[in-house]
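Novice: So I've got this file, query_5.tsv, and it contains TSV, C-alpha atoms:
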```tsv
chain	number	residue	atom	x	y	z
E	8	MET	CA	99.94	-79.71	10.43
E	9	GLU	CA	101.35	-76.53	8.92
E	10	PHE	CA	99.73	-73.59	7.14
E	11	HIS	CA	101.09	-70.49	5.39
E	12	ILE	CA	99.02	-67.32	5.03
E	13	GLN	CA	99.95	-66.24	1.53
E	14	MET	CA	96.93	-64.15	0.49
E	15	THR	CA	95.12	-61.04	1.63
E	16	TRP	CA	91.48	-61.34	2.74
E	17	ASP	CA	90.37	-60.46	-0.82
E	18	ASN	CA	92.59	-63.02	-2.55
E	19	ARG	CA	95.72	-61.04	-3.49
E	20	PRO	CA	99.27	-62.28	-2.73
E	21	VAL	CA	100.90	-60.87	0.40
E	22	ASP	CA	103.99	-58.73	-0.12
E	23	HIS	CA	106.13	-60.19	2.68
E	24	GLN	CA	107.25	-63.51	4.15
E	25	PRO	CA	104.02	-65.44	4.86
E	26	VAL	CA	102.84	-66.05	8.41
E	27	GLN	CA	103.37	-69.71	9.36
E	28	ILE	CA	101.02	-71.56	11.70
E	29	GLN	CA	101.67	-75.04	13.00
E	30	LEU	CA	99.14	-77.16	14.87
E	31	SER	CA	100.44	-80.06	16.92
E	32	GLU	CA	99.46	-82.37	19.76
E	33	ASP	CA	99.86	-81.26	23.36
E	34	PRO	CA	98.88	-83.18	26.52
E	35	GLN	CA	96.32	-80.44	27.25
E	36	GLY	CA	94.88	-80.23	23.73
E	37	CYS	CA	96.25	-78.46	20.66
E	38	ARG	CA	99.44	-76.42	20.47
E	39	ILE	CA	99.48	-73.47	18.08
E	40	ASN	CA	102.91	-72.25	17.01
E	41	VAL	CA	103.19	-69.01	15.04
E	42	GLU	CA	106.18	-67.67	13.10
E	43	ALA	CA	105.41	-64.26	11.65
E	44	PRO	CA	106.90	-60.99	10.46
E	45	PHE	CA	106.94	-58.35	13.19
E	46	PHE	CA	105.54	-55.05	11.92
E	47	ASN	CA	105.24	-53.30	15.32
E	48	SER	CA	102.18	-51.51	13.96
E	49	PRO	CA	99.93	-50.36	15.49
E	50	SER	CA	101.29	-49.63	19.00
E	51	PRO	CA	100.98	-52.41	21.61
E	52	PRO	CA	97.54	-52.95	23.16
E	53	PRO	CA	96.84	-51.56	26.64
E	54	ALA	CA	96.57	-54.94	28.42
E	55	PRO	CA	99.69	-56.38	30.07
E	56	SER	CA	101.66	-59.08	28.28
E	57	GLY	CA	100.26	-62.52	29.04
E	58	ALA	CA	96.75	-61.21	29.71
E	59	PRO	CA	93.53	-61.37	27.69
E	60	CYS	CA	92.81	-58.17	25.77
E	61	PRO	CA	89.32	-57.16	24.61
E	62	GLN	CA	89.10	-56.18	20.94
E	63	LEU	CA	92.59	-57.48	20.26
E	64	TRP	CA	91.65	-57.63	16.58
E	65	ASP	CA	92.28	-53.87	16.48
E	66	TYR	CA	96.02	-54.52	16.94
E	67	GLU	CA	98.70	-56.68	15.33
E	68	VAL	CA	97.49	-60.28	15.61
E	69	VAL	CA	97.44	-63.76	14.15
E	70	GLU	CA	94.08	-65.52	14.51
E	71	THR	CA	92.96	-69.12	14.18
E	72	PHE	CA	89.34	-70.31	13.91
E	73	PHE	CA	88.06	-73.86	14.54
E	74	LEU	CA	84.52	-74.41	13.22
E	75	ASN	CA	81.99	-77.25	13.23
E	76	ASP	CA	78.99	-77.84	10.95
E	77	LYS	CA	76.60	-76.14	13.41
E	78	GLU	CA	78.37	-72.77	13.22
E	79	GLN	CA	79.90	-73.27	16.65
E	80	TYR	CA	83.50	-72.09	16.64
E	81	LEU	CA	86.55	-71.17	18.64
E	82	GLU	CA	88.56	-68.05	17.81
E	83	VAL	CA	92.11	-67.71	19.17
E	84	GLU	CA	93.94	-64.39	18.71
E	85	LEU	CA	97.65	-64.05	19.46
E	86	CYS	CA	99.58	-60.78	19.59
E	87	PRO	CA	103.38	-60.38	19.29
E	88	HIS	CA	103.33	-58.19	22.41
E	89	GLY	CA	102.07	-61.14	24.49
E	90	GLN	CA	98.34	-60.45	24.75
E	91	HIS	CA	95.72	-62.95	23.64
E	92	LEU	CA	91.98	-63.23	23.15
E	93	VAL	CA	90.01	-66.49	23.13
E	94	LEU	CA	86.34	-66.45	22.15
E	95	LEU	CA	83.59	-69.06	21.83
E	96	LEU	CA	80.95	-68.30	19.21
E	97	ASN	CA	77.63	-70.08	18.79
E	98	GLY	CA	76.36	-68.89	15.43
E	99	ARG	CA	78.03	-66.42	13.12
E	100	LYS	CA	79.52	-63.51	15.11
E	101	ASN	CA	77.54	-64.56	18.20
E	102	ILE	CA	80.11	-64.45	21.02
E	103	VAL	CA	78.94	-66.52	24.01
E	104	GLN	CA	82.17	-66.36	26.01
E	105	ASP	CA	85.40	-64.42	25.71
E	106	GLN	CA	88.70	-63.71	27.44
E	107	LEU	CA	89.19	-67.37	28.36
E	108	PRO	CA	92.57	-68.07	29.98
E	109	LEU	CA	95.35	-69.23	27.68
E	110	ASP	CA	98.88	-70.53	28.14
E	111	PHE	CA	100.64	-68.27	25.61
E	112	LYS	CA	104.27	-67.28	25.32
E	113	CYS	CA	105.92	-65.23	22.61
E	114	GLU	CA	109.23	-63.67	21.70
E	115	VAL	CA	110.07	-60.88	19.29
E	116	THR	CA	113.37	-60.74	17.40
E	117	ALA	CA	113.17	-57.10	16.41
E	118	ALA	CA	116.48	-57.07	14.53
E	119	ALA	CA	115.22	-59.83	12.25
E	120	GLY	CA	111.72	-58.36	12.07
E	121	LYS	CA	110.11	-61.58	13.28
E	122	TRP	CA	108.13	-62.96	16.19
E	123	HIS	CA	107.37	-66.43	17.46
E	124	GLY	CA	104.44	-67.43	19.62
E	125	SER	CA	103.27	-70.68	21.16
E	126	ALA	CA	99.88	-71.27	22.76
E	127	VAL	CA	98.23	-74.37	24.21
E	128	VAL	CA	94.50	-74.52	23.51
E	129	PRO	CA	92.72	-76.89	25.92
E	130	ALA	CA	90.71	-79.56	24.10
E	131	SER	CA	87.65	-78.39	26.08
E	132	TYR	CA	87.75	-75.05	24.22
E	133	LEU	CA	87.13	-76.77	20.89
E	134	PRO	CA	83.51	-77.12	19.79
E	135	PRO	CA	82.37	-80.71	19.18
E	136	SER	CA	83.26	-82.26	15.82
E	137	VAL	CA	85.43	-79.53	14.29
E	138	THR	CA	85.42	-79.89	10.49
E	139	ARG	CA	86.70	-76.55	9.18
E	140	PHE	CA	89.47	-74.08	9.88
E	141	ASN	CA	90.74	-70.67	8.88
E	142	ALA	CA	93.56	-68.39	9.94
E	143	TYR	CA	94.17	-64.68	9.58
E	144	ALA	CA	96.82	-62.05	10.19
E	145	ILE	CA	96.33	-58.31	10.72
E	146	HIS	CA	98.80	-55.45	10.99
E	147	GLY	CA	99.24	-51.77	10.11
E	148	GLU	CA	97.21	-48.63	10.70
E	149	GLY	CA	94.83	-46.40	8.77
E	150	GLU	CA	95.02	-46.87	5.01
E	151	SER	CA	97.95	-49.23	5.55
E	152	ARG	CA	95.88	-51.64	7.66
E	153	THR	CA	96.38	-55.09	6.12
E	154	TYR	CA	94.11	-58.13	6.50
E	155	GLU	CA	95.37	-61.54	5.39
E	156	ALA	CA	93.63	-64.92	5.18
E	157	LEU	CA	94.64	-68.54	4.81
E	158	TYR	CA	91.38	-69.18	2.93
E	159	PRO	CA	90.38	-65.79	1.48
E	160	ALA	CA	87.05	-64.64	0.13
E	161	THR	CA	86.69	-65.59	-3.52
E	162	GLN	CA	83.90	-63.11	-4.23
E	163	GLN	CA	84.14	-59.34	-4.08
E	164	TYR	CA	83.12	-57.62	-0.85
E	165	PRO	CA	83.49	-53.97	0.20
E	166	TYR	CA	85.30	-54.79	3.48
E	167	PRO	CA	87.10	-57.67	5.22
E	168	ASP	CA	85.07	-59.95	7.48
E	169	PHE	CA	86.73	-62.97	9.07
E	170	HIS	CA	83.38	-64.52	9.92
E	171	ARG	CA	82.42	-65.44	6.35
E	172	LEU	CA	82.30	-69.07	7.39
E	173	GLN	CA	81.56	-70.39	3.91
E	174	TYR	CA	85.21	-69.82	2.93
E	175	PHE	CA	86.75	-71.90	5.71
E	176	GLY	CA	88.78	-74.90	4.57
E	177	GLU	CA	88.35	-78.49	5.69
E	178	ILE	CA	90.48	-79.81	8.53
E	179	ASN	CA	90.96	-83.21	10.16
E	180	LEU	CA	92.16	-82.63	13.72
E	181	GLY	CA	92.27	-86.39	14.16
E	182	SER	CA	95.49	-86.38	12.13
E	183	ILE	CA	97.03	-84.44	15.04
E	184	SER	CA	95.40	-86.34	17.91
E	185	SER	CA	92.26	-88.42	18.39
E	186	SER	CA	91.59	-86.42	21.58
E	187	LEU	CA	90.76	-83.38	19.42
E	188	VAL	CA	87.88	-84.93	17.46
E	189	SER	CA	85.31	-85.56	20.16
E	190	ALA	CA	81.66	-85.29	19.14
E	191	SER	CA	80.61	-84.69	22.75
E	192	VAL	CA	80.02	-81.25	24.24
E	193	SER	CA	82.75	-80.25	26.71
E	194	ASP	CA	82.07	-78.62	30.06
E	195	VAL	CA	83.18	-75.28	28.61
E	196	TRP	CA	80.77	-75.50	25.68
E	197	GLY	CA	78.02	-77.12	27.75
E	198	GLN	CA	77.32	-73.77	29.39
E	199	HIS	CA	76.28	-72.35	26.02
E	200	VAL	CA	74.78	-75.13	23.90
E	201	SER	CA	72.36	-77.96	24.43
E	202	VAL	CA	74.05	-81.36	24.80
E	203	SER	CA	71.73	-82.61	22.05
E	204	THR	CA	72.94	-80.00	19.52
```
Now that the file is in, can you turn its structure into structure tokens?
Specialist:
Amino acid sequence: MEFHIQMTWDNRPVDHQPVQIQLSEDPQGCRINVEAPFFNSPSPPPAPSGAPCPQLWDYEVVETFFLNDKEQYLEVELCPHGQHLVLLLNGRKNIVQDQLPLDFKCEVTAAAGKWHGSAVVPASYLPPSVTRFNAYAIHGEGESRTYEALYPATQQYPYPDFHRLQYFGEINLGSISSSLVSASVSDVWGQHVSVST
């Protein structure tokens, strides 16, 4: 399953090669592959490469969101410098767990202005019955800060907000693997939601 981020958050075409995101089956869950332009802006985050980094959204990142119909969702942020941030949210913007461990590797080809990243998201990180998806890319600083969206906002807003869940597109993770479409609550999610939800 492949996606290309071709629009800004407010529905204008991007002015560079689009970020590519590929979702595929992995024995542990879902593999996310990213091919993206490398802007090297802003400076790298303070966390070491390979480690979780709080507030990674303030840096150069590509983000994927997996949402169900109860506003339970997984957010995975990947940085070209090797840092990552994985969050579980139960309700819009309501983070119930963050900095989950992640198998993430990336490589920058500075001469070509590109980076590639590959992360394995355990199936237990996914909320039950994922039905919708969105992806974003952020880079730049100050007035040049750029926010891009796979499924952008189609109404006018004064600022970007990646948690406008009504704009997420439909997804069928079963087309990747039947192991990704469980309706049951995993052990990871069971700490935060009722099994009956």
Novice: In Å, rounded to a single decimal, give me how far CA of Phe45 (chain E) is from CA of Gly120 (chain E).
Specialist: 4.9 Å
Novice: Would you mind reading off the distance between CA of Leu107 (chain E) and CA of Ala160 (chain E), one decimal, in Å?
Specialist: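 Separation between CA of Leu107 (chain E) and CA of Ala160 (chain E): 28.4 Å.
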Novice: Near Gly147 (chain E), within 9 Å and counting all atoms listed in the file, which residues show up once chain neighbours fewer than 3 positions away are dropped, as a PyMOL selection string?
Specialist: chain E and resi 46-49+66-67+150-154
Novice: Rounded to one decimal in Å, what is the spacing between CA of Pro134 (chain E) and CA of Pro87 (chain E)?
Specialist: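 Result for CA of Pro134 (chain E) versus CA of Pro87 (chain E): 26.0 Å, one decimal.
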Novice: Counting all atoms listed in the file, figure out which residue out of E:Asn97, E:Asp22, E:Ile12, E:Asp65 gets nearest to Gly149 (chain E).
Specialist: E:Asp65
Novice: Could the centre and edge lengths of an axis-aligned box, enclosing all atoms of region 130-133 of chain E in the file with 5 Å extra on each side, be given in Å to one decimal as lines of an AutoDock Vina configuration file?
Specialist:
```
center_x = 88.9
center_y = -77.3
center_z = 23.5
size_x = 13.6
size_y = 14.5
size_z = 15.2
```
Novice: Identify, on the basis of all atoms listed in the file, every residue whose closest approach to Leu85 (chain E) does not exceed 8 Å; exclude the query and any residue fewer than 6 positions from it along the same chain; express the result as a CSV table (one decimal) with C-alpha atoms, in the frame of the given file.
Specialist:
```csv
chain,number,residue,atom,x,y,z
E,68,VAL,CA,97.5,-60.3,15.6
E,69,VAL,CA,97.4,-63.8,14.2
E,70,GLU,CA,94.1,-65.5,14.5
E,91,HIS,CA,95.7,-63.0,23.6
E,92,LEU,CA,92.0,-63.2,23.2
E,124,GLY,CA,104.4,-67.4,19.6
```
Novice: Considering only C-alpha atoms, can you say which of E:Val195, E:Ile145, E:Val26, E:Cys113 comes closest to Pro129 (chain E)?
Specialist: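 That would be E:Val195, the residue with the smallest distance to Pro129 (chain E).
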Novice: Could you tell me which of E:Cys86, E:Ile102, E:Ala142, E:Val128 comes closest to Pro52 (chain E) if we count only C-alpha atoms?
Specialist: E:Cys86
Novice: Identify which of the residues E:Gln104, E:Thr71, E:Ser191, E:Ser182 lies closest to Phe140 (chain E), counting all atoms listed in the file when measuring atom-to-atom distances.
Specialist: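 Checking each of E:Gln104, E:Thr71, E:Ser191, E:Ser182 against Phe140 (chain E), counting all atoms listed in the file, the winner is E:Thr71.
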